[in-house]
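Listing of entry.json; format and content: JSON, C-alpha atoms and all ligand atoms.
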```json
[["chain", "number", "residue", "atom", "x", "y", "z"],
["A", 1024, "MET", "CA", -19.91, -11.92, -3.45],
["A", 1025, "THR", "CA", -20.66, -10.32, -0.04],
["A", 1026, "ALA", "CA", -18.40, -9.83, 2.98],
["A", 1027, "THR", "CA", -18.61, -12.68, 5.46],
["A", 1028, "HIS", "CA", -15.86, -12.15, 8.00],
["A", 1029, "PRO", "CA", -16.95, -12.52, 11.68],
["A", 1030, "ASP", "CA", -14.55, -9.80, 12.93],
["A", 1031, "PRO", "CA", -16.26, -6.41, 12.21],
["A", 1032, "VAL", "CA", -13.11, -4.52, 11.11],
["A", 1033, "ALA", "CA", -12.06, -7.42, 8.90],
["A", 1034, "ALA", "CA", -15.60, -7.48, 7.48],
["A", 1035, "PHE", "CA", -15.28, -3.77, 6.56],
["A", 1036, "LYS", "CA", -11.94, -4.48, 4.87],
["A", 1037, "GLU", "CA", -13.49, -7.38, 2.99],
["A", 1038, "GLN", "CA", -16.49, -5.26, 1.94],
["A", 1039, "ALA", "CA", -14.22, -2.54, 0.52],
["A", 1040, "ALA", "CA", -12.02, -5.16, -1.15],
["A", 1041, "ILE", "CA", -14.91, -6.89, -2.87],
["A", 1042, "ALA", "CA", -16.21, -3.55, -4.19],
["A", 1043, "ALA", "CA", -12.77, -2.70, -5.59],
["A", 1044, "ALA", "CA", -12.27, -6.14, -7.13],
["A", 1045, "ALA", "CA", -15.52, -5.58, -9.05],
["A", 1046, "LEU", "CA", -13.70, -2.79, -10.98],
["A", 1047, "VAL", "CA", -11.44, -5.39, -12.59],
["A", 1048, "GLN", "CA", -12.59, -6.48, -16.02],
["A", 1049, "ASP", "CA", -11.64, -9.16, -18.49],
["A", 1050, "GLY", "CA", -8.26, -8.61, -20.13],
["A", 1051, "MET", "CA", -6.91, -6.19, -17.54],
["A", 1052, "ALA", "CA", -3.36, -6.09, -16.21],
["A", 1053, "VAL", "CA", -3.68, -5.67, -12.45],
["A", 1054, "GLY", "CA", -1.33, -4.64, -9.64],
["A", 1055, "LEU", "CA", -1.99, -6.66, -6.49],
["A", 1056, "GLY", "CA", -1.36, -4.88, -3.19],
["A", 1057, "THR", "CA", -0.08, -6.15, 0.12],
["A", 1058, "GLY", "CA", -1.58, -6.27, 3.61],
["A", 1059, "SER", "CA", -4.66, -7.53, 5.38],
["A", 1060, "THR", "CA", -7.09, -5.56, 3.17],
["A", 1061, "ALA", "CA", -5.37, -6.24, -0.15],
["A", 1062, "ARG", "CA", -5.42, -9.89, 0.84],
["A", 1063, "PHE", "CA", -9.22, -9.86, 0.49],
["A", 1064, "VAL", "CA", -8.85, -8.31, -2.99],
["A", 1065, "VAL", "CA", -6.53, -11.10, -4.09],
["A", 1066, "ALA", "CA", -8.89, -13.73, -2.65],
["A", 1067, "GLU", "CA", -11.88, -12.22, -4.49],
["A", 1068, "LEU", "CA", -10.01, -11.89, -7.79],
["A", 1069, "GLY", "CA", -8.88, -15.51, -7.44],
["A", 1070, "ARG", "CA", -12.49, -16.53, -6.88],
["A", 1071, "ARG", "CA", -13.57, -14.64, -10.01],
["A", 1072, "VAL", "CA", -10.77, -16.25, -12.05],
["A", 1073, "ARG", "CA", -11.77, -19.73, -10.90],
["A", 1074, "GLU", "CA", -15.56, -19.38, -10.82],
["A", 1075, "GLU", "CA", -16.32, -16.76, -13.47],
["A", 1076, "GLY", "CA", -13.47, -17.39, -15.89],
["A", 1077, "LEU", "CA", -12.16, -13.80, -15.43],
["A", 1078, "ARG", "CA", -9.05, -13.43, -17.60],
["A", 1079, "ILE", "CA", -6.44, -11.15, -16.02],
["A", 1080, "LYS", "CA", -2.70, -11.01, -15.53],
["A", 1081, "ALA", "CA", -1.22, -9.53, -12.40],
["A", 1082, "ILE", "CA", 1.94, -8.17, -10.82],
["A", 1083, "PRO", "CA", 2.18, -8.64, -7.02],
["A", 1084, "THR", "CA", 3.70, -6.02, -4.68],
["A", 1085, "SER", "CA", 5.43, -8.48, -2.33],
["A", 1086, "SER", "CA", 6.60, -12.06, -2.08],
["A", 1087, "VAL", "CA", 3.70, -12.67, 0.34],
["A", 1088, "THR", "CA", 1.13, -11.48, -2.21],
["A", 1089, "GLU", "CA", 2.88, -13.43, -4.98],
["A", 1090, "LYS", "CA", 2.46, -16.62, -2.93],
["A", 1091, "GLN", "CA", -1.23, -15.91, -2.27],
["A", 1092, "ALA", "CA", -1.88, -15.05, -5.94],
["A", 1093, "ARG", "CA", -0.34, -18.36, -7.04],
["A", 1094, "GLU", "CA", -2.40, -20.23, -4.42],
["A", 1095, "VAL", "CA", -5.70, -18.70, -5.57],
["A", 1096, "GLY", "CA", -4.92, -19.19, -9.26],
["A", 1097, "ILE", "CA", -4.28, -15.64, -10.54],
["A", 1098, "PRO", "CA", -1.95, -15.69, -13.58],
["A", 1099, "LEU", "CA", 1.13, -13.54, -12.99],
["A", 1100, "THR", "CA", 3.08, -11.39, -15.39],
["A", 1101, "THR", "CA", 6.24, -9.26, -15.21],
["A", 1102, "PHE", "CA", 7.11, -5.69, -16.14],
["A", 1103, "ALA", "CA", 9.23, -7.11, -18.99],
["A", 1104, "GLU", "CA", 6.06, -8.59, -20.50],
["A", 1105, "THR", "CA", 3.60, -5.95, -19.26],
["A", 1106, "PRO", "CA", 5.18, -2.53, -18.68],
["A", 1107, "ALA", "CA", 1.89, -0.75, -17.90],
["A", 1108, "LEU", "CA", -1.04, -1.81, -15.72],
["A", 1109, "ASP", "CA", -4.71, -0.92, -16.10],
["A", 1110, "ILE", "CA", -5.35, -0.81, -12.37],
["A", 1111, "ALA", "CA", -3.56, -1.40, -9.06],
["A", 1112, "ILE", "CA", -5.54, -2.06, -5.89],
["A", 1113, "ASP", "CA", -3.81, -1.74, -2.53],
["A", 1114, "GLY", "CA", -4.37, -0.90, 1.13],
["A", 1115, "ALA", "CA", -3.15, 2.13, 3.10],
["A", 1116, "ASP", "CA", -2.19, 2.99, 6.65],
["A", 1117, "GLU", "CA", -3.44, 6.57, 6.59],
["A", 1118, "ILE", "CA", -5.58, 8.46, 4.05],
["A", 1119, "GLU", "CA", -5.97, 12.23, 3.82],
["A", 1120, "PRO", "CA", -9.55, 12.41, 2.48],
["A", 1121, "ARG", "CA", -9.31, 15.66, 0.47],
["A", 1122, "THR", "CA", -6.17, 14.87, -1.53],
["A", 1123, "LEU", "CA", -6.13, 11.05, -1.12],
["A", 1124, "ASN", "CA", -2.48, 11.38, -0.14],
["A", 1125, "LEU", "CA", -1.41, 8.30, 1.79],
["A", 1126, "ILE", "CA", 1.02, 6.74, 4.20],
["A", 1127, "LYS", "CA", 1.80, 3.15, 3.26],
["A", 1128, "GLY", "CA", 4.38, 0.61, 4.28],
["A", 1129, "LEU", "CA", 3.53, -0.61, 7.75],
["A", 1130, "GLY", "CA", 3.64, -4.07, 6.15],
["A", 1131, "GLY", "CA", 7.10, -3.34, 4.74],
["A", 1132, "ALA", "CA", 6.12, -3.55, 1.06],
["A", 1133, "LEU", "CA", 6.21, 0.14, 0.15],
["A", 1134, "LEU", "CA", 8.98, -0.05, -2.48],
["A", 1135, "TRP", "CA", 7.37, -2.63, -4.77],
["A", 1136, "GLU", "CA", 3.96, -1.07, -3.99],
["A", 1137, "LYS", "CA", 5.09, 2.35, -5.21],
["A", 1138, "ILE", "CA", 6.64, 0.89, -8.37],
["A", 1139, "VAL", "CA", 3.43, -1.01, -9.15],
["A", 1140, "ALA", "CA", 1.18, 1.97, -8.34],
["A", 1141, "SER", "CA", 3.28, 4.25, -10.55],
["A", 1142, "ALA", "CA", 2.82, 1.84, -13.47],
["A", 1143, "ALA", "CA", -0.98, 1.78, -13.17],
["A", 1144, "SER", "CA", -3.52, 4.03, -14.93],
["A", 1145, "ARG", "CA", -5.82, 3.74, -11.90],
["A", 1146, "PHE", "CA", -4.61, 3.34, -8.31],
["A", 1147, "VAL", "CA", -7.49, 2.30, -6.08],
["A", 1148, "ILE", "CA", -7.10, 2.18, -2.30],
["A", 1149, "VAL", "CA", -9.13, -0.17, -0.14],
["A", 1150, "ALA", "CA", -9.40, 0.24, 3.63],
["A", 1151, "ASP", "CA", -11.68, 0.27, 6.60],
["A", 1152, "ALA", "CA", -12.95, 3.75, 7.46],
["A", 1153, "SER", "CA", -10.60, 4.15, 10.46],
["A", 1154, "LYS", "CA", -7.72, 5.00, 8.08],
["A", 1155, "TYR", "CA", -8.87, 8.60, 7.41],
["A", 1156, "VAL", "CA", -6.80, 11.29, 9.15],
["A", 1157, "ASP", "CA", -6.71, 15.09, 9.09],
["A", 1158, "HIS", "CA", -2.94, 15.13, 8.61],
["A", 1159, "LEU", "CA", -0.69, 12.25, 7.52],
["A", 1160, "GLY", "CA", 1.58, 11.16, 10.34],
["A", 1161, "ALA", "CA", -1.13, 11.84, 12.94],
["A", 1162, "HIS", "CA", -1.20, 8.22, 14.12],
["A", 1163, "CYS", "CA", 1.35, 6.23, 12.12],
["A", 1164, "PRO", "CA", 5.09, 6.45, 11.79],
["A", 1165, "LEU", "CA", 6.27, 7.04, 8.24],
["A", 1166, "PRO", "CA", 8.13, 3.94, 7.01],
["A", 1167, "VAL", "CA", 11.32, 4.79, 5.12],
["A", 1168, "GLU", "CA", 13.24, 2.05, 3.30],
["A", 1169, "VAL", "CA", 17.02, 2.43, 3.53],
["A", 1170, "ILE", "CA", 19.93, 0.32, 2.36],
["A", 1171, "PRO", "CA", 21.60, -1.60, 5.21],
["A", 1172, "PHE", "CA", 25.04, -0.06, 4.65],
["A", 1173, "GLY", "CA", 25.35, 3.03, 6.83],
["A", 1174, "TRP", "CA", 21.72, 2.97, 7.94],
["A", 1175, "GLU", "CA", 22.71, 4.81, 11.13],
["A", 1176, "ASN", "CA", 23.90, 7.66, 8.92],
["A", 1177, "ALA", "CA", 20.55, 7.71, 7.11],
["A", 1178, "ALA", "CA", 18.78, 7.69, 10.51],
["A", 1179, "HIS", "CA", 20.88, 10.67, 11.56],
["A", 1180, "LYS", "CA", 19.89, 12.57, 8.39],
["A", 1181, "LEU", "CA", 16.22, 11.70, 8.97],
["A", 1182, "ALA", "CA", 16.52, 13.01, 12.55],
["A", 1183, "ALA", "CA", 17.77, 16.28, 11.08],
["A", 1184, "LEU", "CA", 14.52, 16.41, 9.06],
["A", 1185, "GLY", "CA", 12.59, 16.14, 12.34],
["A", 1186, "ALA", "CA", 12.03, 12.40, 12.66],
["A", 1187, "GLN", "CA", 12.50, 10.04, 15.51],
["A", 1188, "ALA", "CA", 13.76, 7.14, 13.36],
["A", 1189, "THR", "CA", 13.74, 3.58, 14.69],
["A", 1190, "PRO", "CA", 14.84, 0.53, 12.69],
["A", 1191, "ARG", "CA", 12.04, -1.99, 12.43],
["A", 1192, "ARG", "CA", 12.83, -5.31, 14.10],
["A", 1193, "GLN", "CA", 11.29, -8.74, 14.14],
["A", 1194, "ARG", "CA", 10.08, -10.45, 17.31],
["A", 1195, "ASP", "CA", 13.49, -12.12, 17.79],
["A", 1196, "GLY", "CA", 15.22, -8.71, 17.74],
["A", 1197, "SER", "CA", 16.77, -9.10, 14.29],
["A", 1198, "PHE", "CA", 16.21, -6.40, 11.68],
["A", 1199, "PHE", "CA", 13.09, -6.67, 9.54],
["A", 1200, "LEU", "CA", 14.24, -7.04, 5.93],
["A", 1201, "THR", "CA", 12.16, -6.02, 2.94],
["A", 1202, "ASP", "CA", 11.79, -8.12, -0.22],
["A", 1203, "GLU", "CA", 14.82, -6.19, -1.52],
["A", 1204, "LYS", "CA", 16.76, -7.02, 1.68],
["A", 1205, "ASN", "CA", 16.72, -3.41, 2.83],
["A", 1206, "LEU", "CA", 15.85, -2.04, 6.29],
["A", 1207, "ILE", "CA", 12.82, 0.00, 7.28],
["A", 1208, "LEU", "CA", 13.23, 3.03, 9.53],
["A", 1209, "ASP", "CA", 9.89, 3.87, 11.15],
["A", 1210, "CYS", "CA", 9.96, 7.66, 11.38],
["A", 1211, "VAL", "CA", 7.75, 9.54, 13.82],
["A", 1212, "PHE", "CA", 7.33, 13.06, 12.45],
["A", 1213, "GLY", "CA", 4.01, 13.88, 14.11],
["A", 1214, "PRO", "CA", 1.38, 15.49, 11.87],
["A", 1215, "ILE", "CA", 2.99, 16.20, 8.48],
["A", 1216, "ILE", "CA", 1.88, 19.69, 7.47],
["A", 1217, "ASN", "CA", 3.75, 19.85, 4.14],
["A", 1218, "PRO", "CA", 4.00, 16.29, 2.76],
["A", 1219, "ASP", "CA", 5.28, 17.44, -0.66],
["A", 1220, "ALA", "CA", 8.28, 19.20, 0.90],
["A", 1221, "LEU", "CA", 9.01, 16.20, 3.13],
["A", 1222, "SER", "CA", 8.73, 13.80, 0.17],
["A", 1223, "THR", "CA", 11.27, 15.87, -1.77],
["A", 1224, "ALA", "CA", 13.64, 16.02, 1.21],
["A", 1225, "LEU", "CA", 13.41, 12.26, 1.74],
["A", 1226, "ALA", "CA", 14.01, 11.55, -1.95],
["A", 1227, "GLU", "CA", 17.17, 13.67, -1.75],
["A", 1228, "THR", "CA", 18.51, 11.82, 1.30],
["A", 1229, "VAL", "CA", 21.40, 9.54, 0.38],
["A", 1230, "GLY", "CA", 20.77, 5.98, 1.56],
["A", 1231, "VAL", "CA", 16.98, 6.30, 1.34],
["A", 1232, "VAL", "CA", 15.63, 3.91, -1.29],
["A", 1233, "GLU", "CA", 11.96, 4.92, -1.02],
["A", 1234, "HIS", "CA", 9.49, 6.20, 1.53],
["A", 1235, "GLY", "CA", 5.87, 5.59, 2.44],
["A", 1236, "LEU", "CA", 4.39, 8.93, 1.39],
["A", 1237, "PHE", "CA", 2.23, 8.16, -1.65],
["A", 1238, "LEU", "CA", 1.31, 11.64, -2.84],
["A", 1239, "HIS", "CA", -0.98, 12.51, -5.78],
["A", 1240, "MET", "CA", -1.12, 8.85, -6.78],
["A", 1241, "ALA", "CA", -4.44, 7.42, -5.59],
["A", 1242, "THR", "CA", -7.25, 7.92, -8.11],
["A", 1243, "GLN", "CA", -9.95, 6.55, -5.81],
["A", 1244, "THR", "CA", -10.41, 5.24, -2.27],
["A", 1245, "ILE", "CA", -13.05, 2.68, -1.36],
["A", 1246, "THR", "CA", -13.59, 2.39, 2.36],
["A", 1247, "ALA", "CA", -16.17, 0.62, 4.48],
["A", 1248, "GLY", "CA", -17.30, 1.31, 8.02],
["A", 1249, "PRO", "CA", -20.43, 1.44, 10.19],
["A", 1250, "GLU", "CA", -21.90, 4.04, 7.78],
["A", 1251, "GLY", "CA", -21.42, 1.74, 4.80],
["A", 1252, "LEU", "CA", -19.27, 2.05, 1.70],
["A", 1253, "ARG", "CA", -17.65, 5.39, 0.87],
["A", 1254, "VAL", "CA", -15.98, 6.10, -2.49],
["A", 1255, "LEU", "CA", -13.77, 9.19, -2.78],
["A", 1256, "GLU", "CA", -11.76, 10.79, -5.57],
["A", 1257, "PRO", "CA", -9.14, 13.51, -5.04],
["A", 1258, "GLN", "CA", -10.65, 16.99, -4.81],
["A", 1259, "LYS", "CA", -9.28, 19.54, -7.26],
["A", 1260, "SER", "CA", -7.56, 22.33, -5.30],
["B", 1, "LIG", "O1", 3.48, -2.41, 3.35],
["B", 1, "LIG", "C1", 2.27, -2.59, 3.51],
["B", 1, "LIG", "C2", 1.22, -1.87, 2.81],
["B", 1, "LIG", "O2", 1.49, -0.54, 2.51],
["B", 1, "LIG", "C3", -0.20, -2.09, 3.28],
["B", 1, "LIG", "O3", -1.01, -1.91, 2.15],
["B", 1, "LIG", "C4", -0.65, -1.16, 4.38],
["B", 1, "LIG", "O4", 0.22, -1.34, 5.50],
["B", 1, "LIG", "C5", -2.11, -1.41, 4.81],
["B", 1, "LIG", "O5", -2.22, -2.68, 5.34],
["B", 1, "LIG", "P1", -3.58, -3.20, 5.99],
["B", 1, "LIG", "O6", -4.57, -3.35, 4.90],
["B", 1, "LIG", "O7", -3.19, -4.53, 6.61],
["B", 1, "LIG", "O8", -3.99, -2.21, 7.05]]
```
What would the structure in this file look like if it were written as structure tokens?
Amino acid sequence: MTATHPDPVAAFKEQAAIAAAALVQDGMAVGLGTGSTARFVVAELGRRVREEGLRIKAIPTSSVTEKQAREVGIPLTTFAETPALDIAIDGADEIEPRTLNLIKGLGGALLWEKIVASAASRFVIVADASKYVDHLGAHCPLPVEVIPFGWENAAHKLAALGAQATPRRQRDGSFFLTDEKNLILDCVFGPIINPDALSTALAETVGVVEHGLFLHMATQTITAGPEGLRVLEPQKS
């Protein structure tokens, strides 16, 4: 299958997605990511299930992806049935190319995404080449999922860590709610020089359920851009 999308950035996403979907083999348990790039992965895996008889079972990372997976005919499983996954394939908002540390969650699915990624032997990221940055936080806010009760208190604590924290809202002004009915605080930290320290501080913040720093998790990134496909693995420090 080759990428066909008329929009060039979407075509790069589709190209990366098709290359990553080719890593999935018969019998695998697969984590299905969320977002505009992961959407192409789910579409391609669905095509392989229908046209090539690929036998897989999958766990989706959001209700949106679950709906798409059902529509394209991918059999779903649960962690009760399948506690470990062979591979998870997902998008990213920012990628640090040396470590493959990531920011994820601009689509609001970071909590289920991190659970699924942590259950997978291989965590493959698909993206267009514009997602590479020198330092995480350079362009994107860091999404932080917090429980609704006392979210202002959590925002205050995040401000003390250096963030400008804004609750994500929908077009009608109401709060955006995650699949777990939590809120997202979009936190502008600027370039994050020590992501490990920030990750630890966020994990210790009461009221924070999870955050969008995915550190030391990605085993491979597959990106596509004007220079073609690029496959990276984390460099040993
Ligand atoms: O919550 C959303 C996810 O982390 C997405 O995988 C991420 O935002 C990348 O999405 P996209 O492929 O649409 O840029």
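Residues lying within 7 Å of stretch 1079-1093 of chain A, counting only C-alpha atoms and ignoring same-chain neighbours fewer than 6 positions away, are Asp1049, Gly1050, Met1051, Ala1052, Val1053, Gly1054, Leu1055, Gly1056, Thr1057, Val1065, Leu1099, Thr1100, Thr1101, Ala1132, Trp1135, Glu1136, Val1139 and Asp1202 of chain A.
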How many Å separate atom CA of A:Arg1192 from atom CA of A:Ser1153?
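Computing the Euclidean distance for atom CA of A:Arg1192 and atom CA of A:Ser1153 yields 25.5 Å.
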From the set A:Ala1188, A:Ala1045, A:Ala1061, A:Val1229, which residue has the shortest atom-to-atom contact distance to ligand LIG 1 (chain B), counting all atoms listed in the file?
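Using all atoms listed in the file, ligand LIG 1 (chain B) sits closest to A:Ala1061.
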Counting all atoms listed in the file, which protein, DNA or RNA residues come within 8 Å of ligand LIG 1 (chain B), given as an mmCIF file with C-alpha atoms, in the frame of the given file?
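Generated file (out26.cif):
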```cif
data_model
loop_
_atom_site.group_PDB
_atom_site.id
_atom_site.type_symbol
_atom_site.label_atom_id
_atom_site.label_comp_id
_atom_site.auth_asym_id
_atom_site.auth_seq_id
_atom_site.Cartn_x
_atom_site.Cartn_y
_atom_site.Cartn_z
ATOM 1 C CA LYS A 1036 -11.940 -4.480 4.870
ATOM 2 C CA GLY A 1056 -1.360 -4.880 -3.190
ATOM 3 C CA THR A 1057 -0.080 -6.150 0.120
ATOM 4 C CA GLY A 1058 -1.580 -6.270 3.610
ATOM 5 C CA SER A 1059 -4.660 -7.530 5.380
ATOM 6 C CA THR A 1060 -7.090 -5.560 3.170
ATOM 7 C CA ALA A 1061 -5.370 -6.240 -0.150
ATOM 8 C CA ARG A 1062 -5.420 -9.890 0.840
ATOM 9 C CA ASP A 1113 -3.810 -1.740 -2.530
ATOM 10 C CA GLY A 1114 -4.370 -0.900 1.130
ATOM 11 C CA ALA A 1115 -3.150 2.130 3.100
ATOM 12 C CA ASP A 1116 -2.190 2.990 6.650
ATOM 13 C CA ILE A 1126 1.020 6.740 4.200
ATOM 14 C CA LYS A 1127 1.800 3.150 3.260
ATOM 15 C CA GLY A 1128 4.380 0.610 4.280
ATOM 16 C CA LEU A 1129 3.530 -0.610 7.750
ATOM 17 C CA GLY A 1130 3.640 -4.070 6.150
ATOM 18 C CA GLY A 1131 7.100 -3.340 4.740
ATOM 19 C CA ALA A 1132 6.120 -3.550 1.060
ATOM 20 C CA LEU A 1133 6.210 0.140 0.150
ATOM 21 C CA GLU A 1136 3.960 -1.070 -3.990
ATOM 22 C CA VAL A 1149 -9.130 -0.170 -0.140
ATOM 23 C CA ALA A 1150 -9.400 0.240 3.630
ATOM 24 C CA GLY A 1235 5.870 5.590 2.440
#
```
For atom CA of A:Gln1243 and atom CA of A:Ala1044, the interatomic separation in Å (one decimal):
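These atoms are spaced 13.0 Å apart.
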A:Phe1198, A:Phe1102, A:Phe1146, A:Phe1063 ranked by distance to A:Pro1257, top pick (using all atoms listed in the file):
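For A:Pro1257, the nearest of the candidates is A:Phe1146.
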Which residues come within 7 Å of stretch 1207-1218 of chain A, counting all atoms listed in the file, excluding same-chain residues fewer than 4 positions away, as a PyMOL selection string?
chain A and resi 1158-1161+1164-1169+1185-1191+1222
Can you tell me how far atom CA of A:Leu1200 sits from atom CA of A:Ile1138, in Å to one decimal?
18.0 Å
Could I get stretch 1035-1061 of chain A rebuilt with N, CA and C atoms, written as a short mmCIF file (atom, residue, chain, number, x, y, z; two decimals), keeping the file's coordinate frame?
```cif
data_model
loop_
_atom_site.label_atom_id
_atom_site.label_comp_id
_atom_site.auth_asym_id
_atom_site.auth_seq_id
_atom_site.Cartn_x
_atom_site.Cartn_y
_atom_site.Cartn_z
N PHE A 1035 -15.31 -5.03 7.31
CA PHE A 1035 -15.28 -3.77 6.56
C PHE A 1035 -14.19 -3.83 5.48
N LYS A 1036 -13.03 -4.36 5.85
CA LYS A 1036 -11.94 -4.48 4.87
C LYS A 1036 -12.38 -5.36 3.70
N GLU A 1037 -13.05 -6.44 4.03
CA GLU A 1037 -13.49 -7.38 2.99
C GLU A 1037 -14.54 -6.72 2.09
N GLN A 1038 -15.44 -5.94 2.72
CA GLN A 1038 -16.49 -5.26 1.94
C GLN A 1038 -15.86 -4.29 0.94
N ALA A 1039 -14.90 -3.49 1.41
CA ALA A 1039 -14.22 -2.54 0.52
C ALA A 1039 -13.46 -3.29 -0.57
N ALA A 1040 -12.82 -4.39 -0.19
CA ALA A 1040 -12.02 -5.16 -1.15
C ALA A 1040 -12.89 -5.76 -2.24
N ILE A 1041 -14.04 -6.27 -1.87
CA ILE A 1041 -14.91 -6.89 -2.87
C ILE A 1041 -15.44 -5.83 -3.84
N ALA A 1042 -15.75 -4.64 -3.31
CA ALA A 1042 -16.21 -3.55 -4.19
C ALA A 1042 -15.11 -3.15 -5.17
N ALA A 1043 -13.88 -3.09 -4.70
CA ALA A 1043 -12.77 -2.70 -5.59
C ALA A 1043 -12.48 -3.79 -6.62
N ALA A 1044 -12.54 -5.04 -6.19
CA ALA A 1044 -12.27 -6.14 -7.13
C ALA A 1044 -13.28 -6.15 -8.27
N ALA A 1045 -14.48 -5.62 -8.00
CA ALA A 1045 -15.52 -5.58 -9.05
C ALA A 1045 -15.14 -4.60 -10.18
N LEU A 1046 -14.16 -3.72 -9.93
CA LEU A 1046 -13.70 -2.79 -10.98
C LEU A 1046 -12.85 -3.49 -12.03
N VAL A 1047 -12.36 -4.68 -11.69
CA VAL A 1047 -11.44 -5.39 -12.59
C VAL A 1047 -12.24 -6.12 -13.65
N GLN A 1048 -11.86 -5.88 -14.90
CA GLN A 1048 -12.59 -6.48 -16.02
C GLN A 1048 -11.68 -7.40 -16.82
N ASP A 1049 -12.34 -8.21 -17.63
CA ASP A 1049 -11.64 -9.16 -18.49
C ASP A 1049 -10.51 -8.48 -19.28
N GLY A 1050 -9.36 -9.10 -19.31
CA GLY A 1050 -8.26 -8.61 -20.13
C GLY A 1050 -7.36 -7.61 -19.44
N MET A 1051 -7.71 -7.23 -18.21
CA MET A 1051 -6.91 -6.19 -17.54
C MET A 1051 -5.59 -6.73 -16.98
N ALA A 1052 -4.60 -5.83 -16.94
CA ALA A 1052 -3.36 -6.09 -16.21
C ALA A 1052 -3.49 -5.38 -14.87
N VAL A 1053 -3.29 -6.13 -13.78
CA VAL A 1053 -3.68 -5.67 -12.45
C VAL A 1053 -2.49 -5.70 -11.48
N GLY A 1054 -2.30 -4.64 -10.73
CA GLY A 1054 -1.33 -4.64 -9.64
C GLY A 1054 -2.01 -5.11 -8.37
N LEU A 1055 -1.40 -6.07 -7.70
CA LEU A 1055 -1.99 -6.66 -6.49
C LEU A 1055 -1.25 -6.14 -5.27
N GLY A 1056 -1.97 -5.48 -4.37
CA GLY A 1056 -1.36 -4.88 -3.19
C GLY A 1056 -1.00 -5.88 -2.12
N THR A 1057 -0.54 -5.33 -1.00
CA THR A 1057 -0.08 -6.15 0.12
C THR A 1057 -0.76 -5.67 1.40
N GLY A 1058 -0.99 -6.62 2.32
CA GLY A 1058 -1.58 -6.27 3.61
C GLY A 1058 -2.89 -7.00 3.82
N SER A 1059 -3.47 -6.76 5.01
CA SER A 1059 -4.66 -7.53 5.38
C SER A 1059 -5.88 -7.16 4.54
N THR A 1060 -5.95 -5.94 4.01
CA THR A 1060 -7.09 -5.56 3.17
C THR A 1060 -6.88 -6.02 1.73
N ALA A 1061 -5.67 -5.79 1.22
CA ALA A 1061 -5.37 -6.24 -0.15
C ALA A 1061 -5.51 -7.76 -0.26
#
```
